[in-house]
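Structure below is coords_11.txt: compact mmCIF, C-alpha atoms.
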```
# COMPACT_ATOMS: atom_id res chain seq x y z
CA ASP A 1 33.19 8.77 0.16
CA ASN A 2 30.73 6.28 -1.36
CA GLY A 3 28.15 8.98 -2.04
CA MET A 4 25.84 7.69 0.67
CA TYR A 5 23.77 9.67 3.13
CA CYS A 6 23.96 9.10 6.89
CA ILE A 7 21.61 10.08 9.70
CA ILE A 8 22.87 10.30 13.28
CA ASN A 9 20.12 10.20 15.87
CA SER A 10 19.44 9.72 19.54
CA GLN A 11 17.53 6.49 20.11
CA ASN A 12 16.40 4.37 23.04
CA ASP A 13 17.50 6.82 25.74
CA GLN A 14 14.27 6.33 27.67
CA SER A 15 16.14 5.98 30.96
CA TRP A 16 16.35 9.78 31.07
CA LEU A 17 15.06 11.32 27.83
CA THR A 18 11.28 11.45 28.28
CA THR A 19 8.47 14.00 28.09
CA SER A 20 7.79 13.69 31.82
CA ASP A 21 7.28 17.04 33.55
CA GLU A 22 9.42 15.85 36.44
CA ASP A 23 12.85 17.48 36.08
CA PHE A 24 12.05 18.31 32.45
CA ASN A 25 14.23 21.42 32.45
CA LYS A 26 17.15 19.28 33.60
CA THR A 27 16.35 16.72 30.90
CA LYS A 28 16.27 19.39 28.20
CA SER A 29 19.55 20.88 29.41
CA LYS A 30 21.27 17.47 29.29
CA PHE A 31 19.79 16.82 25.84
CA SER A 32 21.08 20.17 24.55
CA LYS A 33 24.57 19.48 25.89
CA MET A 34 24.57 16.05 24.26
CA TRP A 35 23.72 17.54 20.86
CA THR A 36 26.26 20.32 21.30
CA SER A 37 28.91 17.64 21.79
CA ILE A 38 27.74 15.55 18.80
CA SER A 39 27.45 18.61 16.59
CA ASN A 40 30.94 19.85 17.41
CA ARG A 41 32.37 16.41 16.57
CA PHE A 42 30.79 16.34 13.09
CA LYS A 43 30.48 20.01 12.13
CA ALA A 44 33.05 19.72 9.33
CA TYR A 45 31.07 16.98 7.57
CA ASN A 46 29.08 17.98 4.49
CA ASP A 47 25.32 17.88 4.06
CA ARG A 48 25.22 14.18 3.26
CA LEU A 49 25.23 13.87 7.03
CA LEU A 50 21.91 14.68 8.70
CA PHE A 51 21.10 14.92 12.40
CA GLU A 52 17.87 13.61 13.92
CA GLY A 53 17.24 14.94 17.41
CA VAL A 54 15.43 11.97 18.89
CA SER A 55 13.90 8.94 17.25
CA GLU A 56 11.06 8.20 19.65
CA ILE A 57 10.66 10.35 22.73
CA LEU A 58 7.92 9.00 25.02
CA LYS A 59 6.56 9.31 28.52
CA ALA A 60 8.47 7.78 31.42
CA ASP A 61 8.78 3.97 31.59
CA ASN A 62 8.53 3.66 27.80
CA ASP A 63 4.80 4.31 28.03
CA LYS A 64 3.44 4.22 24.47
CA SER A 65 -0.05 5.47 25.24
CA GLU A 66 -1.37 8.57 23.50
CA PRO A 67 0.29 11.83 24.56
CA SER A 68 -1.20 14.42 26.87
CA GLU A 69 -1.06 18.15 26.17
CA SER A 70 2.00 18.30 28.42
CA ASP A 71 3.74 15.53 26.46
CA ILE A 72 3.10 17.38 23.20
CA LYS A 73 4.36 20.65 24.66
CA ASN A 74 7.54 19.00 25.93
CA VAL A 75 8.38 17.16 22.73
CA ASN A 76 8.02 20.42 20.79
CA SER A 77 10.35 22.01 23.34
CA ILE A 78 12.89 19.20 22.86
CA ASN A 79 12.77 19.63 19.09
CA GLN A 80 13.38 23.37 19.45
CA ALA A 81 16.28 22.78 21.85
CA PHE A 82 17.83 20.37 19.36
CA VAL A 83 17.71 22.87 16.48
CA LYS A 84 19.09 25.65 18.66
CA ALA A 85 21.96 23.52 19.99
CA VAL A 86 23.07 22.31 16.55
CA ARG A 87 22.92 25.71 14.88
CA ALA A 88 24.94 27.30 17.67
CA THR A 89 27.95 25.11 16.86
CA GLY A 90 28.41 26.80 13.50
CA LYS A 91 30.44 25.72 10.49
CA ASN A 92 28.42 23.24 8.34
CA ASN A 93 25.94 22.78 11.17
CA ALA A 94 24.72 26.31 10.56
CA LYS A 95 22.86 25.02 7.50
CA ARG A 96 22.73 21.25 7.92
CA HIS A 97 19.42 19.46 7.34
CA LEU A 98 17.89 18.55 10.70
CA ILE A 99 15.15 15.99 11.38
CA VAL A 100 12.50 16.49 14.05
CA SER A 101 9.92 13.90 15.09
CA THR A 102 6.35 13.91 16.26
CA TYR A 103 5.67 12.61 19.76
CA GLY A 104 6.96 9.02 19.74
CA ALA A 105 7.22 9.36 15.94
CA PHE A 106 3.49 8.50 16.10
CA VAL A 107 1.05 9.09 13.26
CA SER A 108 -1.95 9.40 15.56
CA SER A 109 -4.16 12.48 15.42
CA ALA A 110 -2.84 13.80 18.73
CA ALA A 111 0.80 13.49 17.64
CA LEU A 112 0.29 14.95 14.18
CA ASP A 113 -2.01 17.78 15.26
CA GLY A 114 0.25 18.72 18.17
CA PHE A 115 3.49 18.80 16.18
CA GLU A 116 5.01 22.27 15.77
CA VAL A 117 7.75 23.15 13.32
CA PRO A 118 10.69 24.53 15.33
CA LYS A 119 11.94 28.02 14.63
CA ASP A 120 15.14 27.97 12.61
CA ALA A 121 17.68 30.56 11.56
CA VAL A 122 17.88 29.12 8.04
CA LYS A 123 15.08 28.39 5.61
CA ASP A 124 13.98 24.98 4.30
CA LYS A 125 16.48 22.92 6.28
CA LEU A 126 14.07 21.06 8.59
CA ILE A 127 12.53 17.66 7.89
CA ALA A 128 9.73 16.01 9.88
CA LYS A 129 9.82 12.31 10.72
CA VAL A 130 7.29 9.64 11.60
CA ASN A 131 7.50 5.86 11.99
CA ILE A 132 4.96 3.61 10.26
CA TYR A 133 4.07 0.25 11.81
CA VAL A 134 0.50 0.01 10.57
CA PRO A 135 -1.25 -2.21 11.43
CA SER A 136 0.76 -3.10 14.53
CA SER A 137 -0.89 -6.54 14.65
CA PHE A 138 0.89 -7.40 11.40
CA CYS A 139 4.05 -5.32 11.75
CA LEU A 140 5.00 -5.83 15.39
CA ASP A 141 2.97 -8.53 17.14
CA GLN A 142 4.62 -11.90 16.62
CA SER A 143 1.49 -13.81 17.64
CA GLN A 144 -1.12 -11.99 15.57
CA LYS A 145 -1.89 -11.22 11.94
CA HIS A 146 0.36 -13.13 9.51
CA ILE A 147 -1.34 -12.16 6.25
CA TRP A 148 -1.41 -8.73 4.59
CA GLY A 149 -2.38 -7.50 1.15
CA SER A 150 -6.16 -7.37 0.80
CA ASP A 151 -7.86 -4.34 -0.73
CA GLU A 152 -8.99 -3.38 2.76
CA ASP A 153 -5.41 -3.64 4.10
CA LYS A 154 -4.10 -1.40 1.34
CA ALA A 155 -6.92 1.13 1.69
CA TYR A 156 -6.31 1.48 5.43
CA LEU A 157 -2.57 2.02 4.97
CA ASP A 158 -3.24 4.48 2.16
CA SER A 159 -5.50 6.48 4.47
CA VAL A 160 -2.72 6.76 7.05
CA PHE A 161 -0.23 8.03 4.48
CA ALA A 162 -2.77 10.50 3.13
CA VAL A 163 -3.27 12.03 6.58
CA VAL A 164 0.49 12.22 7.18
CA ASN A 165 1.04 13.89 3.81
CA TRP A 166 -1.79 16.34 4.38
CA ARG A 167 -0.54 17.39 7.81
CA PHE A 168 3.04 18.10 6.77
CA SER A 169 1.96 19.72 3.53
CA GLU A 170 -0.17 22.02 5.67
CA LEU A 171 2.90 22.85 7.76
CA ASP A 172 5.04 23.25 4.62
CA ILE A 173 7.73 20.85 5.82
CA PRO A 174 8.96 17.68 4.07
CA CYS A 175 8.56 14.35 5.84
CA ILE A 176 10.40 11.04 5.92
CA VAL A 177 9.33 7.66 7.26
CA GLY A 178 12.24 6.99 9.59
CA GLU A 179 11.18 3.43 10.34
CA PHE A 180 8.89 0.84 8.82
CA GLY A 181 8.93 -2.91 8.67
CA ALA A 182 7.25 -6.14 9.70
CA VAL A 183 8.55 -8.89 11.96
CA ASP A 184 9.36 -12.29 10.50
CA LYS A 185 6.55 -14.78 11.12
CA GLY A 186 7.54 -17.15 8.34
CA ASN A 187 5.37 -15.02 6.04
CA VAL A 188 7.84 -13.63 3.54
CA SER A 189 5.29 -13.17 0.74
CA ALA A 190 3.08 -11.00 2.96
CA ARG A 191 6.08 -8.98 4.12
CA VAL A 192 7.17 -8.46 0.50
CA ALA A 193 3.67 -7.25 -0.40
CA TYR A 194 3.70 -4.88 2.57
CA ALA A 195 7.14 -3.47 1.79
CA LYS A 196 6.25 -2.97 -1.87
CA HIS A 197 3.08 -1.07 -1.02
CA VAL A 198 4.75 1.13 1.60
CA VAL A 199 7.70 2.08 -0.60
CA SER A 200 5.64 2.78 -3.72
CA THR A 201 3.07 4.81 -1.75
CA VAL A 202 5.74 6.82 0.04
CA TYR A 203 7.46 7.65 -3.25
CA ASN A 204 4.16 8.81 -4.70
CA TYR A 205 4.12 11.42 -1.93
CA TYR A 206 7.76 12.38 -2.68
CA MET A 207 8.92 10.95 0.65
CA VAL A 208 11.60 8.40 1.48
CA CYS A 209 11.44 5.53 3.94
CA PHE A 210 13.81 3.26 5.86
CA TRP A 211 13.25 -0.40 6.74
CA ASN A 212 14.08 -0.95 10.41
CA ASP A 213 16.75 -3.63 10.20
CA ASN A 214 16.98 -4.21 13.95
CA GLY A 215 19.35 -7.17 13.70
CA GLY A 216 16.58 -9.39 15.07
CA ASN A 217 13.09 -10.24 13.93
CA MET A 218 13.12 -7.59 11.17
CA LYS A 219 16.63 -8.39 9.98
CA LEU A 220 17.34 -8.25 6.26
CA PHE A 221 21.13 -8.16 6.53
CA ASP A 222 23.54 -10.24 8.62
CA ARG A 223 26.02 -7.67 9.89
CA LYS A 224 28.59 -10.21 11.07
CA LYS A 225 28.69 -12.10 7.78
CA ALA A 226 27.95 -9.04 5.62
CA GLU A 227 25.29 -11.03 3.79
CA ILE A 228 21.71 -10.28 2.79
CA THR A 229 19.40 -12.68 4.63
CA ASN A 230 16.13 -11.79 2.91
CA LYS A 231 16.83 -10.98 -0.71
CA LYS A 232 13.15 -10.95 -1.71
CA ILE A 233 12.33 -8.04 0.60
CA VAL A 234 15.56 -6.18 -0.25
CA ASP A 235 14.92 -6.53 -3.99
CA CYS A 236 11.33 -5.45 -3.50
CA ILE A 237 12.37 -2.28 -1.66
CA ILE A 238 14.95 -1.41 -4.34
CA ASP A 239 12.60 -2.13 -7.26
CA SER A 240 9.39 -0.55 -5.93
```

Can I see the file as structure tokens?
Amino acid sequence: DNGMYCIINSQNDQSWLTTSDEDFNKTKSKFSKMWTSISNRFKAYNDRLLFEGVSEILKADNDKSEPSESDIKNVNSINQAFVKAVRATGKNNAKRHLIVSTYGAFVSSAALDGFEVPKDAVKDKLIAKVNIYVPSSFCLDQSQKHIWGSDEDKAYLDSVFAVVNWRFSELDIPCIVGEFGAVDKGNVSARVAYAKHVVSTVYNYYMVCFWNDNGGNMKLFDRKKAEITNKKIVDCIIDS
């Protein structure tokens, strides 16, 4: 009613939703049934609601190492099962925009090169998704790099975005950055510089991005008090 968009996804289900070959057919069947249930619940909603099959599907035990050929094959199979399950529920889901991720939402060569666009009954309704936490030493590791913003930092991040843009342009599918952000190390100026560069670069490639407000060390908004906790980063994201 407020004119906003919403994405419903499956996230942090690593207890069962993995690319492991062990019982993979059972995993895929359970995943399809889950999305059939979700899709039926929301099939009357308009296209401001998007579905994202899985945020970050990984190997068993939350293993974030690079994927094998089997991992790539299975994540492509999961993406296809997601599209098939949603479309089969009909009504507005027959043409709803659907979001499918690379393995682990990674931007590594293996994940990008192995990604396959699922087959779909409707044209131009699929969107690819990756997560950007580059470099991880600045974005995720609390004990490492506190400073960001040199010419070298920007050039490296630009190179990552260029590869992502090239790959999905080659596949003729739009892409979003489903997650980006940097943990709070008492380095707000560096985090502002990072956010500004990510958002402006993403927009130059006609993509959109989403800061991962995890309620913890990347928090920008206090959900209990309904208050912005880091106005400088929020303003930067809006203004970039």

Tell me, counting all atoms listed in the file, for each residue of region 123-209 of chain A within 9 Å of region 54-68 of chain A, which pair of atoms is nearest and how far apart they are in Å to one decimal, in rows ordered by chain and increasing number, as a tab-separated table.
```
residue	atom	partner	partner_atom	distance
A:Lys129	CA	A:Ser55	CA	8.4
A:Val130	CA	A:Ser55	CA	8.7
A:Asn131	CA	A:Glu56	CA	8.8
A:Gly178	CA	A:Ser55	CA	8.1
```

(request) Have a look at CA of Val160 (chain A) and CA of Ala105 (chain A) and let me know their distance in Å, one decimal. (result) 13.6 Å

(message) From (15.4, 17.9, 30.2), in the file's coordinates, out to 12 Å: which residues are reached, counting all atoms listed in the file? Answer as a VMD selection string.
(response) chain A and resid 14 to 34 57 74 to 75 77 to 79 81 to 82

(message) If we draw a sphere of 12 Å around (16.1, -10.8, 15.7), which residues have at least one atom in it when counting all atoms listed in the file? Please report them as a ChimeraX atom specification.
(response) /A:142,182-185,212-223,229

(message) Just the number, please: distance in Å from CA of Ala190 (chain A) to CA of Ile238 (chain A), one decimal.
(response)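 One can read the CA of Ala190 (chain A) to CA of Ile238 (chain A) distance as 16.9 Å.
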
(request) Report the distance between CA of Ser137 (chain A) and CA of Ala195 (chain A) in Å, rounded to one decimal place. (result) 15.5 Å

(request) Skip region 125-127 of chain A itself and residues of its chain fewer than 6 positions away, then list as a list in words all residues within 7 Å of it, counting all atoms listed in the file. (result) Lys95, Arg96, His97, Leu98, Ile99, Val100, Ile173, Pro174 and Cys175 of chain A

(request) Quick one: everything within 9 Å of Ile147 (chain A), counting all atoms listed in the file, minus sequence neighbours fewer than 5 positions away in the same chain. Send it as a PyMOL selection string. (result) chain A and resi 138+187+189-191

Counting all atoms listed in the file, what is within 12 Å of Phe161 (chain A), bar same-chain residues fewer than 2 positions away, as a PDB file with C-alpha atoms, keeping the file's coordinate frame?
```
ATOM      1  CA  VAL A 107       1.050   9.090  13.260  1.00  0.00           C
ATOM      2  CA  SER A 108      -1.950   9.400  15.560  1.00  0.00           C
ATOM      3  CA  LEU A 112       0.290  14.950  14.180  1.00  0.00           C
ATOM      4  CA  VAL A 130       7.290   9.640  11.600  1.00  0.00           C
ATOM      5  CA  ASN A 131       7.500   5.860  11.990  1.00  0.00           C
ATOM      6  CA  ILE A 132       4.960   3.610  10.260  1.00  0.00           C
ATOM      7  CA  TYR A 133       4.070   0.250  11.810  1.00  0.00           C
ATOM      8  CA  VAL A 134       0.500   0.010  10.570  1.00  0.00           C
ATOM      9  CA  LYS A 154      -4.100  -1.400   1.340  1.00  0.00           C
ATOM     10  CA  ALA A 155      -6.920   1.130   1.690  1.00  0.00           C
ATOM     11  CA  TYR A 156      -6.310   1.480   5.430  1.00  0.00           C
ATOM     12  CA  LEU A 157      -2.570   2.020   4.970  1.00  0.00           C
ATOM     13  CA  ASP A 158      -3.240   4.480   2.160  1.00  0.00           C
ATOM     14  CA  SER A 159      -5.500   6.480   4.470  1.00  0.00           C
ATOM     15  CA  VAL A 163      -3.270  12.030   6.580  1.00  0.00           C
ATOM     16  CA  VAL A 164       0.490  12.220   7.180  1.00  0.00           C
ATOM     17  CA  ASN A 165       1.040  13.890   3.810  1.00  0.00           C
ATOM     18  CA  TRP A 166      -1.790  16.340   4.380  1.00  0.00           C
ATOM     19  CA  ARG A 167      -0.540  17.390   7.810  1.00  0.00           C
ATOM     20  CA  PHE A 168       3.040  18.100   6.770  1.00  0.00           C
ATOM     21  CA  SER A 169       1.960  19.720   3.530  1.00  0.00           C
ATOM     22  CA  CYS A 175       8.560  14.350   5.840  1.00  0.00           C
ATOM     23  CA  ILE A 176      10.400  11.040   5.920  1.00  0.00           C
ATOM     24  CA  VAL A 177       9.330   7.660   7.260  1.00  0.00           C
ATOM     25  CA  HIS A 197       3.080  -1.070  -1.020  1.00  0.00           C
ATOM     26  CA  VAL A 198       4.750   1.130   1.600  1.00  0.00           C
ATOM     27  CA  VAL A 199       7.700   2.080  -0.600  1.00  0.00           C
ATOM     28  CA  SER A 200       5.640   2.780  -3.720  1.00  0.00           C
ATOM     29  CA  THR A 201       3.070   4.810  -1.750  1.00  0.00           C
ATOM     30  CA  VAL A 202       5.740   6.820   0.040  1.00  0.00           C
ATOM     31  CA  TYR A 203       7.460   7.650  -3.250  1.00  0.00           C
ATOM     32  CA  ASN A 204       4.160   8.810  -4.700  1.00  0.00           C
ATOM     33  CA  TYR A 205       4.120  11.420  -1.930  1.00  0.00           C
ATOM     34  CA  TYR A 206       7.760  12.380  -2.680  1.00  0.00           C
ATOM     35  CA  MET A 207       8.920  10.950   0.650  1.00  0.00           C
ATOM     36  CA  CYS A 209      11.440   5.530   3.940  1.00  0.00           C
TER      37      CYS A 209
END
```
